[in-house]
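Student: Sharing input.cif, mmCIF, C-alpha atoms:
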data_target
loop_
_atom_site.label_atom_id
_atom_site.label_comp_id
_atom_site.auth_asym_id
_atom_site.auth_seq_id
_atom_site.Cartn_x
_atom_site.Cartn_y
_atom_site.Cartn_z
CA MET A 1 140.66 -49.96 140.36
CA GLN A 2 141.65 -47.30 142.91
CA ARG A 3 143.13 -45.22 140.08
CA LYS A 4 139.81 -45.34 138.20
CA ARG A 5 137.94 -44.29 141.32
CA PHE A 6 140.37 -41.36 141.78
CA ILE A 7 139.88 -40.28 138.19
CA SER A 8 136.08 -40.49 138.56
CA LEU A 9 136.15 -38.39 141.70
CA LEU A 10 138.47 -35.90 140.02
CA LEU A 11 136.12 -35.62 137.04
CA VAL A 12 133.15 -35.05 139.39
CA PHE A 13 135.17 -32.32 141.13
CA ILE A 14 135.99 -30.71 137.77
CA LEU A 15 132.30 -30.88 136.77
CA ALA A 16 131.25 -29.24 140.06
CA PHE A 17 133.90 -26.55 139.53
CA GLY A 18 132.56 -25.99 136.02
CA MET A 19 129.06 -25.42 137.39
CA THR A 20 130.45 -22.96 139.98
CA VAL A 21 132.33 -21.09 137.26
CA GLN A 22 129.12 -20.88 135.20
CA VAL A 23 127.26 -19.41 138.21
CA GLN A 24 130.04 -16.89 138.80
CA ALA A 25 130.14 -16.00 135.10
CA SER A 26 126.42 -15.22 135.33
CA SER A 27 127.04 -13.00 138.40
CA ILE A 28 129.87 -11.24 136.57
CA GLU A 29 127.64 -10.50 133.58
CA GLU A 30 124.89 -9.19 135.88
CA THR A 31 127.42 -7.00 137.71
CA LYS A 32 128.77 -5.69 134.40
CA LYS A 33 125.25 -4.91 133.24
CA LYS A 34 124.51 -3.11 136.49
CA GLY A 35 127.75 -1.13 136.09
CA GLN A 36 126.72 -0.05 132.59
CA GLU A 37 123.28 0.99 133.88
CA LEU A 38 124.87 3.04 136.68
CA LYS A 39 127.24 4.74 134.24
CA SER A 40 124.31 5.50 131.93
CA LYS A 41 122.38 7.03 134.85
CA LYS A 42 125.44 9.05 135.82
CA SER A 43 125.83 10.36 132.23
CA SER A 44 122.15 11.38 132.19
CA ALA A 45 122.47 13.03 135.60
CA GLU A 46 125.59 14.93 134.47
CA ALA A 47 123.75 16.11 131.32
CA GLU A 48 120.83 17.28 133.48
CA LYS A 49 123.27 19.02 135.83
CA ALA A 50 124.93 20.81 132.89
CA ALA A 51 121.50 21.91 131.61
CA LEU A 52 120.59 23.20 135.07
CA ALA A 53 123.90 25.07 135.28
CA ASP A 54 123.18 26.71 131.90
CA GLN A 55 119.68 27.59 133.11
CA LEU A 56 121.13 29.09 136.29
CA ASN A 57 123.63 31.17 134.31
CA THR A 58 120.81 32.42 132.09
CA LEU A 59 118.75 33.35 135.17
CA ILE A 60 121.72 35.20 136.69
CA GLU A 61 122.20 37.13 133.43
CA GLU A 62 118.48 38.00 133.36
CA MET A 63 118.68 39.12 137.00
CA ASP A 64 121.69 41.32 136.21
CA GLU A 65 119.83 42.85 133.25
CA THR A 66 116.72 43.39 135.40
CA THR A 67 118.82 44.99 138.15
CA THR A 68 120.28 47.36 135.55
CA LYS A 69 116.79 48.18 134.24
CA ILE A 70 115.56 48.84 137.80
CA ALA A 71 118.48 51.23 138.38
CA GLU A 72 117.77 52.99 135.07
CA LYS A 73 114.08 53.21 135.95
CA GLN A 74 115.00 54.70 139.34
CA GLU A 75 117.06 57.35 137.56
CA GLU A 76 114.14 58.14 135.24
CA ILE A 77 111.85 58.44 138.28
CA ALA A 78 114.34 60.81 139.94
CA GLU A 79 114.42 62.92 136.76
CA LYS A 80 110.62 63.04 136.67
CA GLU A 81 110.65 63.95 140.36
CA THR A 82 112.89 66.90 139.56
CA GLU A 83 110.63 67.92 136.67
CA LEU A 84 107.63 67.64 138.98
CA ILE A 85 109.29 69.86 141.59
CA GLN A 86 110.03 72.52 138.98
CA ALA A 87 106.49 72.26 137.55
CA GLN A 88 105.05 72.71 141.05
CA ILE A 89 107.28 75.75 141.55
CA ASP A 90 106.17 77.22 138.20
CA GLU A 91 102.53 76.60 139.08
CA ASN A 92 103.03 78.28 142.44
CA ASN A 93 104.76 81.27 140.81
CA GLN A 94 101.91 81.72 138.33
CA TYR A 95 99.35 81.38 141.11
CA GLU A 96 101.16 83.97 143.23
CA SER A 97 101.38 86.37 140.26
CA MET A 98 97.68 85.99 139.52
CA LYS A 99 96.82 86.59 143.18
CA LYS A 100 98.84 89.81 143.14
CA ARG A 101 97.01 91.07 140.05
CA ILE A 102 93.61 90.14 141.51
CA LYS A 103 94.54 91.84 144.79
CA TYR A 104 95.61 94.98 142.91
CA MET A 105 92.35 95.06 140.95
CA TYR A 106 90.37 94.54 144.14
CA GLU A 107 92.21 97.27 146.07
CA ASN A 108 92.17 99.82 143.23
CA GLY A 109 88.84 98.91 141.72
CA ASN A 110 88.37 99.26 138.00
CA THR A 111 89.21 103.01 137.95
CA GLN A 112 92.44 102.66 136.06
CA PHE A 113 90.93 100.25 133.56
CA ILE A 114 88.02 102.74 132.98
CA GLU A 115 90.55 105.55 132.54
CA ILE A 116 92.37 103.46 129.99
CA LEU A 117 89.16 102.88 128.11
CA PHE A 118 88.13 106.59 128.22
CA GLU A 119 91.53 107.68 126.96
CA SER A 120 90.89 105.73 123.80
CA LYS A 121 91.03 108.07 120.81
CA SER A 122 88.73 106.00 118.66
CA ILE A 123 86.31 103.12 118.73
CA SER A 124 89.07 100.91 117.36
CA ASP A 125 91.41 102.05 120.13
CA PHE A 126 88.65 101.54 122.71
CA LEU A 127 88.01 97.96 121.53
CA ASN A 128 91.72 97.21 121.47
CA ASN A 129 92.15 98.41 125.09
CA ALA A 130 89.12 96.44 126.25
CA GLU A 131 90.47 93.36 124.48
CA TYR A 132 93.88 93.90 126.14
CA ILE A 133 92.33 93.97 129.64
CA THR A 134 90.35 90.80 128.86
CA GLN A 135 93.45 89.09 127.52
CA ILE A 136 95.34 89.80 130.75
CA SER A 137 92.75 87.92 132.80
CA GLU A 138 92.47 85.12 130.25
CA TYR A 139 96.27 84.84 130.08
CA ASP A 140 96.47 84.35 133.87
CA ARG A 141 93.82 81.65 133.76
CA ASP A 142 95.32 79.96 130.71
CA MET A 143 98.84 79.94 132.16
CA LEU A 144 97.62 78.57 135.49
CA ASP A 145 95.69 75.83 133.67
CA GLU A 146 98.77 75.09 131.58
CA PHE A 147 101.03 74.78 134.63
CA LYS A 148 98.47 72.58 136.39
CA GLU A 149 98.29 70.37 133.31
CA THR A 150 102.09 70.14 133.27
CA VAL A 151 102.14 69.08 136.93
CA LYS A 152 99.48 66.44 136.23
CA ARG A 153 101.26 65.18 133.10
CA VAL A 154 104.64 64.86 134.82
CA ASP A 155 103.02 63.25 137.87
CA ASP A 156 101.25 60.73 135.60
CA GLN A 157 104.55 59.95 133.86
CA LYS A 158 106.19 59.46 137.24
CA LYS A 159 103.43 57.05 138.28
CA VAL A 160 103.86 55.06 135.06
CA LEU A 161 107.60 54.80 135.70
CA GLU A 162 106.99 53.73 139.29
CA SER A 163 104.53 51.09 138.05
CA GLU A 164 107.11 49.81 135.56
CA LYS A 165 109.72 49.74 138.34
CA THR A 166 107.33 47.71 140.50
CA GLU A 167 106.81 45.25 137.64
CA LEU A 168 110.57 44.91 137.21
CA GLU A 169 111.00 44.33 140.94
CA THR A 170 108.28 41.65 140.79
CA LEU A 171 110.09 40.03 137.87
CA GLN A 172 113.34 40.23 139.83
CA ALA A 173 111.69 38.46 142.78
CA GLN A 174 110.34 35.75 140.45
CA LEU A 175 113.78 35.29 138.88
CA GLN A 176 115.32 35.07 142.36
CA GLU A 177 112.78 32.41 143.35
CA LYS A 178 113.49 30.49 140.14
CA GLN A 179 117.23 30.80 140.78
CA ASN A 180 116.76 29.36 144.26
CA GLU A 181 114.74 26.45 142.83
CA VAL A 182 117.37 25.71 140.17
CA SER A 183 120.14 25.96 142.78
CA VAL A 184 118.32 23.37 144.94
CA LEU A 185 117.91 21.10 141.88
CA LEU A 186 121.61 21.48 141.12
CA GLU A 187 122.53 20.49 144.66
CA GLU A 188 120.18 17.48 144.48
CA LYS A 189 121.61 16.48 141.10
CA ALA A 190 125.16 16.80 142.46
CA GLU A 191 124.20 14.53 145.38
CA GLU A 192 122.63 12.06 142.92
CA ILE A 193 125.81 12.01 140.84
CA SER A 194 127.88 11.54 143.99
CA ASP A 195 125.67 8.59 145.03
CA LEU A 196 125.94 7.09 141.52
CA GLU A 197 129.72 7.46 141.60
CA ALA A 198 129.79 5.67 144.95
CA ALA A 199 127.51 2.93 143.57
CA ILE A 200 129.70 2.63 140.46
CA GLY A 201 132.77 2.29 142.69
CA GLU A 202 131.12 -0.39 144.82
CA ASN A 203 129.93 -2.25 141.72
CA ALA A 204 133.42 -2.06 140.19
CA ALA A 205 134.91 -3.45 143.41
CA LYS A 206 132.34 -6.26 143.40
CA LEU A 207 133.05 -7.02 139.75
CA LYS A 208 136.78 -7.13 140.41
CA ALA A 209 136.26 -9.53 143.33
CA LEU A 210 134.01 -11.77 141.22
CA GLN A 211 136.51 -11.78 138.35
CA GLU A 212 139.41 -12.56 140.69
CA GLU A 213 137.42 -15.39 142.26
CA ALA A 214 136.44 -16.70 138.82
CA ALA A 215 140.08 -16.60 137.72
CA ARG A 216 141.15 -18.42 140.88
CA GLN A 217 138.54 -21.15 140.40
CA GLN A 218 139.43 -21.39 136.72
CA ARG A 219 143.05 -22.03 137.68
CA MET A 220 141.93 -24.70 140.17
CA ARG A 221 139.76 -26.30 137.45
CA GLU A 222 142.63 -26.27 135.00
CA GLU A 223 144.94 -27.77 137.61
CA ALA A 224 142.35 -30.48 138.45
CA ALA A 225 141.83 -31.20 134.77
CA ALA A 226 145.58 -31.47 134.26
CA ALA A 227 145.81 -33.87 137.24
CA ALA A 228 142.94 -35.96 135.84
CA ALA A 229 144.59 -36.05 132.42
CA ALA A 230 147.88 -37.17 133.94
CA ALA A 231 146.15 -39.87 135.96
CA ALA A 232 144.22 -41.06 132.94
CA GLN A 233 147.36 -41.20 130.84
CA GLN A 234 149.01 -43.34 133.44
CA GLY A 235 145.98 -45.65 133.33
CA ASN A 236 145.98 -45.65 129.49
CA SER A 237 142.95 -43.36 129.48
CA SER A 238 142.61 -39.87 127.99
CA GLY A 239 140.80 -36.89 129.35
CA GLY A 240 141.13 -33.19 129.45
CA GLY A 241 139.35 -29.97 129.68
CA THR A 242 139.40 -26.61 128.14
CA ALA A 243 139.95 -23.43 129.94
CA GLY A 244 137.83 -20.38 129.26
CA PRO A 245 139.40 -16.98 128.92
CA SER A 246 139.77 -14.87 132.03
CA ILE A 247 137.77 -11.60 132.10
CA PRO A 248 139.79 -8.60 133.21
CA PRO A 249 138.23 -6.13 135.71
CA SER A 250 136.94 -3.01 134.42
CA GLY A 251 127.44 83.25 150.05
CA ASN A 252 125.28 86.55 149.85
CA GLY A 253 123.25 86.27 153.09
CA THR A 254 119.87 85.72 151.40
CA LEU A 255 119.40 82.42 153.26
CA SER A 256 119.86 81.55 156.93
CA ASN A 257 121.37 78.39 158.41
CA PRO A 258 118.76 75.59 158.06
CA CYS A 259 120.31 73.39 160.78
CA PRO A 260 122.32 75.38 163.37
CA SER A 261 122.83 72.35 165.64
CA ALA A 262 124.81 70.47 162.94
CA TYR A 263 128.29 70.59 161.50
CA ILE A 264 129.09 70.63 157.77
CA SER A 265 130.04 67.11 156.67
CA SER A 266 130.10 67.66 152.90
CA GLU A 267 130.07 70.68 150.59
CA PHE A 268 128.62 71.27 147.12
CA GLY A 269 130.55 69.90 144.11
CA GLY A 270 132.75 66.91 143.35
CA ARG A 271 133.45 64.46 146.17
CA ALA A 272 134.14 60.77 146.85
CA SER A 273 130.91 58.80 146.68
CA PRO A 274 129.54 57.29 149.95
CA GLY A 275 131.37 54.00 150.57
CA GLY A 276 134.62 55.31 149.03
CA ILE A 277 134.00 53.90 145.54
CA GLY A 278 134.27 56.41 142.68
CA SER A 279 133.20 60.02 142.84
CA THR A 280 129.99 61.99 142.45
CA ASN A 281 128.78 65.54 141.82
CA HIS A 282 127.27 66.55 145.14
CA LYS A 283 124.37 68.91 144.39
CA GLY A 284 123.97 70.30 147.90
CA ARG A 285 125.45 70.78 151.35
CA ASP A 286 125.28 68.12 154.10
CA TYR A 287 124.61 69.07 157.74
CA ALA A 288 125.47 66.15 160.04
CA ALA A 289 123.29 66.15 163.18
CA GLY A 290 121.54 63.78 165.52
CA ALA A 291 118.31 62.16 164.34
CA GLY A 292 115.35 64.36 165.21
CA SER A 293 117.33 67.63 165.25
CA PRO A 294 115.18 70.55 164.01
CA ILE A 295 115.38 71.76 160.41
CA TYR A 296 114.41 75.41 159.80
CA ALA A 297 113.23 77.24 156.68
CA ALA A 298 116.23 79.12 155.28
CA ALA A 299 113.91 81.91 154.13
CA GLY A 300 110.23 82.72 153.92
CA GLY A 301 108.23 81.26 151.05
CA THR A 302 105.59 78.76 149.94
CA VAL A 303 105.90 74.97 150.34
CA THR A 304 105.53 73.43 146.88
CA THR A 305 106.48 69.82 147.61
CA VAL A 306 106.30 67.44 150.58
CA ALA A 307 107.07 63.93 149.36
CA TYR A 308 109.21 60.79 149.56
CA ASN A 309 111.36 58.90 147.06
CA GLY A 310 114.11 56.30 147.24
CA ALA A 311 116.95 58.78 146.76
CA ARG A 312 115.83 61.89 148.70
CA GLY A 313 113.81 60.07 151.38
CA ASN A 314 111.30 62.42 153.05
CA TYR A 315 111.88 65.90 151.63
CA VAL A 316 110.43 69.41 151.49
CA VAL A 317 110.73 72.08 148.76
CA ILE A 318 110.12 75.78 149.46
CA ASN A 319 109.73 78.39 146.72
CA HIS A 320 111.09 81.77 147.82
CA GLY A 321 110.20 83.64 144.62
CA ASN A 322 112.47 85.27 142.04
CA GLY A 323 113.52 81.81 140.82
CA LEU A 324 115.02 80.84 144.22
CA SER A 325 114.01 77.54 145.88
CA THR A 326 115.45 75.38 148.68
CA LEU A 327 115.25 71.59 149.21
CA TYR A 328 115.52 69.75 152.55
CA GLN A 329 116.16 66.00 152.21
CA HIS A 330 116.45 62.71 154.24
CA CYS A 331 114.02 64.03 156.94
CA SER A 332 112.76 61.71 159.66
CA ALA A 333 109.59 63.82 159.88
CA THR A 334 108.03 66.79 158.09
CA TYR A 335 105.85 69.43 159.76
CA VAL A 336 104.47 71.40 156.77
CA SER A 337 102.11 70.76 153.87
CA VAL A 338 101.94 71.77 150.20
CA GLY A 339 100.65 75.32 149.72
CA GLN A 340 101.57 76.39 153.26
CA SER A 341 103.37 79.72 153.69
CA VAL A 342 106.41 79.52 155.98
CA SER A 343 108.62 82.15 157.54
CA VAL A 344 112.39 82.20 157.90
CA GLY A 345 113.51 80.09 160.86
CA GLN A 346 110.24 78.13 161.04
CA ASN A 347 110.72 74.49 162.09
CA ILE A 348 109.63 72.60 158.96
CA ALA A 349 111.13 69.10 159.52
CA ALA A 350 113.50 66.91 161.56
CA VAL A 351 116.89 65.44 160.65
CA GLY A 352 116.81 61.78 159.63
CA SER A 353 118.42 59.16 157.41
CA THR A 354 115.59 58.23 155.03
CA GLY A 355 116.23 57.43 151.36
CA ALA A 356 119.79 56.97 150.04
CA SER A 357 121.58 58.08 153.20
CA THR A 358 124.58 56.73 155.13
CA GLY A 359 123.57 58.35 158.44
CA PRO A 360 121.44 61.09 160.02
CA HIS A 361 121.99 64.39 158.22
CA LEU A 362 120.25 67.18 156.30
CA HIS A 363 121.04 67.34 152.59
CA PHE A 364 120.31 71.01 151.76
CA GLU A 365 120.02 72.16 148.13
CA VAL A 366 119.58 75.66 146.70
CA TRP A 367 118.06 76.02 143.22
CA VAL A 368 118.18 79.14 141.09
CA GLY A 369 116.05 78.97 137.94
CA GLY A 370 115.63 75.22 138.40
CA VAL A 371 119.40 74.53 138.58
CA PRO A 372 121.21 73.44 141.79
CA VAL A 373 123.87 75.96 142.88
CA ASP A 374 126.41 76.12 145.73
CA PRO A 375 124.43 77.03 148.90
CA ARG A 376 127.45 79.04 150.12
CA LEU A 377 126.61 81.66 147.48
CA HIS A 378 123.38 82.48 149.30
CA LEU A 379 124.09 81.74 152.99
#
Could you write out this file's structure as structure tokens?
Tutor:
Amino acid sequence: MQRKRFISLLLVFILAFGMTVQVQASSIEETKKKGQELKSKKSSAEAEKAALADQLNTLIEEMDETTTKIAEKQEEIAEKETELIQAQIDENNQYESMKKRIKYMYENGNTQFIEILFESKSISDFLNNAEYITQISEYDRDMLDEFKETVKRVDDQKKVLESEKTELETLQAQLQEKQNEVSVLLEEKAEEISDLEAAIGENAAKLKALQEEAARQQRMREEAAAAAAAAAQQGNSSGGGTAGPSIPPSGNGTLSNPCPSAYISSEFGGRASPGGIGSTNHKGRDYAAGAGSPIYAAAGGTVTTVAYNGARGNYVVINHGNGLSTLYQHCSATYVSVGQSVSVGQNIAAVGSTGASTGPHLHFEVWVGGVPVDPRLHL
């Protein structure tokens, strides 16, 4: 009787264990499912991260291309600036020539022109001489109009290039903003993946614990079933149980010194570029001096340009006639205006470091026929 009661209690224990195993099996399946969901989310997040990385690389390439285009556009603007300077010099030369002819006509009256007409040997000769005098005046006007048109055309081209450069810089700023946004998204996606990896690790640890507990209880159930079977056999009864599988865890003196208070820091010609990287063809002479030091006109002439650009900074151009011009660059201030006549030694500007400059200095250029030459040939 006691043996039957023991077997009954043992069977109840086995039944209770079976129910516990079923509950744990359900938890294991739920944990496995959650693990699969987390892995799927991680795979999606990694794919999104890879797409963002590709997008970022594309943006960086576009920014590099835009930076190159901006540099090229800056070079084109500098070339147009040089063309504009020469056009302004040509216009000034033509204007000065026309003024001289007008002055001569005013001072000498029309006597010589009348003499030329009276010396004509025939009506045909007379008409030809009259036409010649008219053509001289018309030529002056036409040439002046042509030079003015050239100045306007080059200036318009320069403005178009500057507008295109501004558009490129705007695009560059937009690309930079987009790059920042994508970088933030990448960081957020990396954090999301890190969180998912942590959640996957925690879920895997939980699954392993559940599987180990299920295996332990399964062994206890099998041991209880074996004990019940042995007891039943001794009492001429049969019983048993089945065990489920365990789930594993898963120089000529023409020009004077433009900046006497300075010392020469760089001469005309080849030199190491500022910053020590590569070399460059230096088109002028550098006078190193304190900011605000006076800059003087190297010779008398007419101011043809007072302007600013990214390379030269604030600069002044003086036309001295006979194809000779001088340029004064990187000024902190300018004291003359276009069309103004200046004399040698006149204070026209102050030393500065505007534009592409590594420190306060005067970059002094001498042009002959529109081509930069060594200033030492004329100082």
Student: Mind giving me the straight-line distance from CA of Ile70 (chain A) to CA of Lys178 (chain A) in Å, one decimal?
Tutor: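 Taking CA of Ile70 (chain A) as the start and CA of Lys178 (chain A) as the end point, the length is 18.6 Å.
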Student: So which residues get picked by the PyMOL selection byres ((chain A and resi 334-340) around 8) here, written as a PyMOL selection string?
Tutor: chain A and resi 302-306+314-316+331-333+341-342+347-350
Student: Would you compute the distance between CA of Gly352 (chain A) and CA of Arg312 (chain A)? Give it in Å to one decimal.
Tutor: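 It comes out at 11.0 Å.
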Student: Could you expand the PyMOL selection byres ((chain A and resi 159-170) around 7) into the explicit residues it covers here, written as a VMD selection string?
Tutor: chain A and resid 66 70 73 77 155 to 158 171 to 174
Student: So how many Å separate CA of Lys42 (chain A) and CA of Leu59 (chain A), to one decimal?
Tutor: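 Calculated distance between CA of Lys42 (chain A) and CA of Leu59 (chain A) is 25.2 Å.
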Student: Under the rule that all atoms listed in the file are counted, which of A:Thr82, A:Gln74, A:Ser43, A:Asn281 is the nearest residue to Gly269 (chain A)?
Tutor: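 Comparing A:Thr82, A:Gln74, A:Ser43, A:Asn281 against Gly269 (chain A), the winner is A:Asn281.
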Student: So that I can check the surroundings of Ser265 (chain A), please list as a ChimeraX atom specification every protein, DNA and RNA residue that reaches within 12 Å of it, counting only C-alpha atoms and ignoring chain neighbours fewer than 2 positions away.
Tutor: /A:262-263,267-268,271,274,282,284-289,358-364
Student: Could you spell out the hits of the PyMOL selection byres ((chain A and resi 41) around 12) on the shown file, as a ChimeraX atom specification?
Tutor: /A:34-40,42-48,189,192-197,199-200
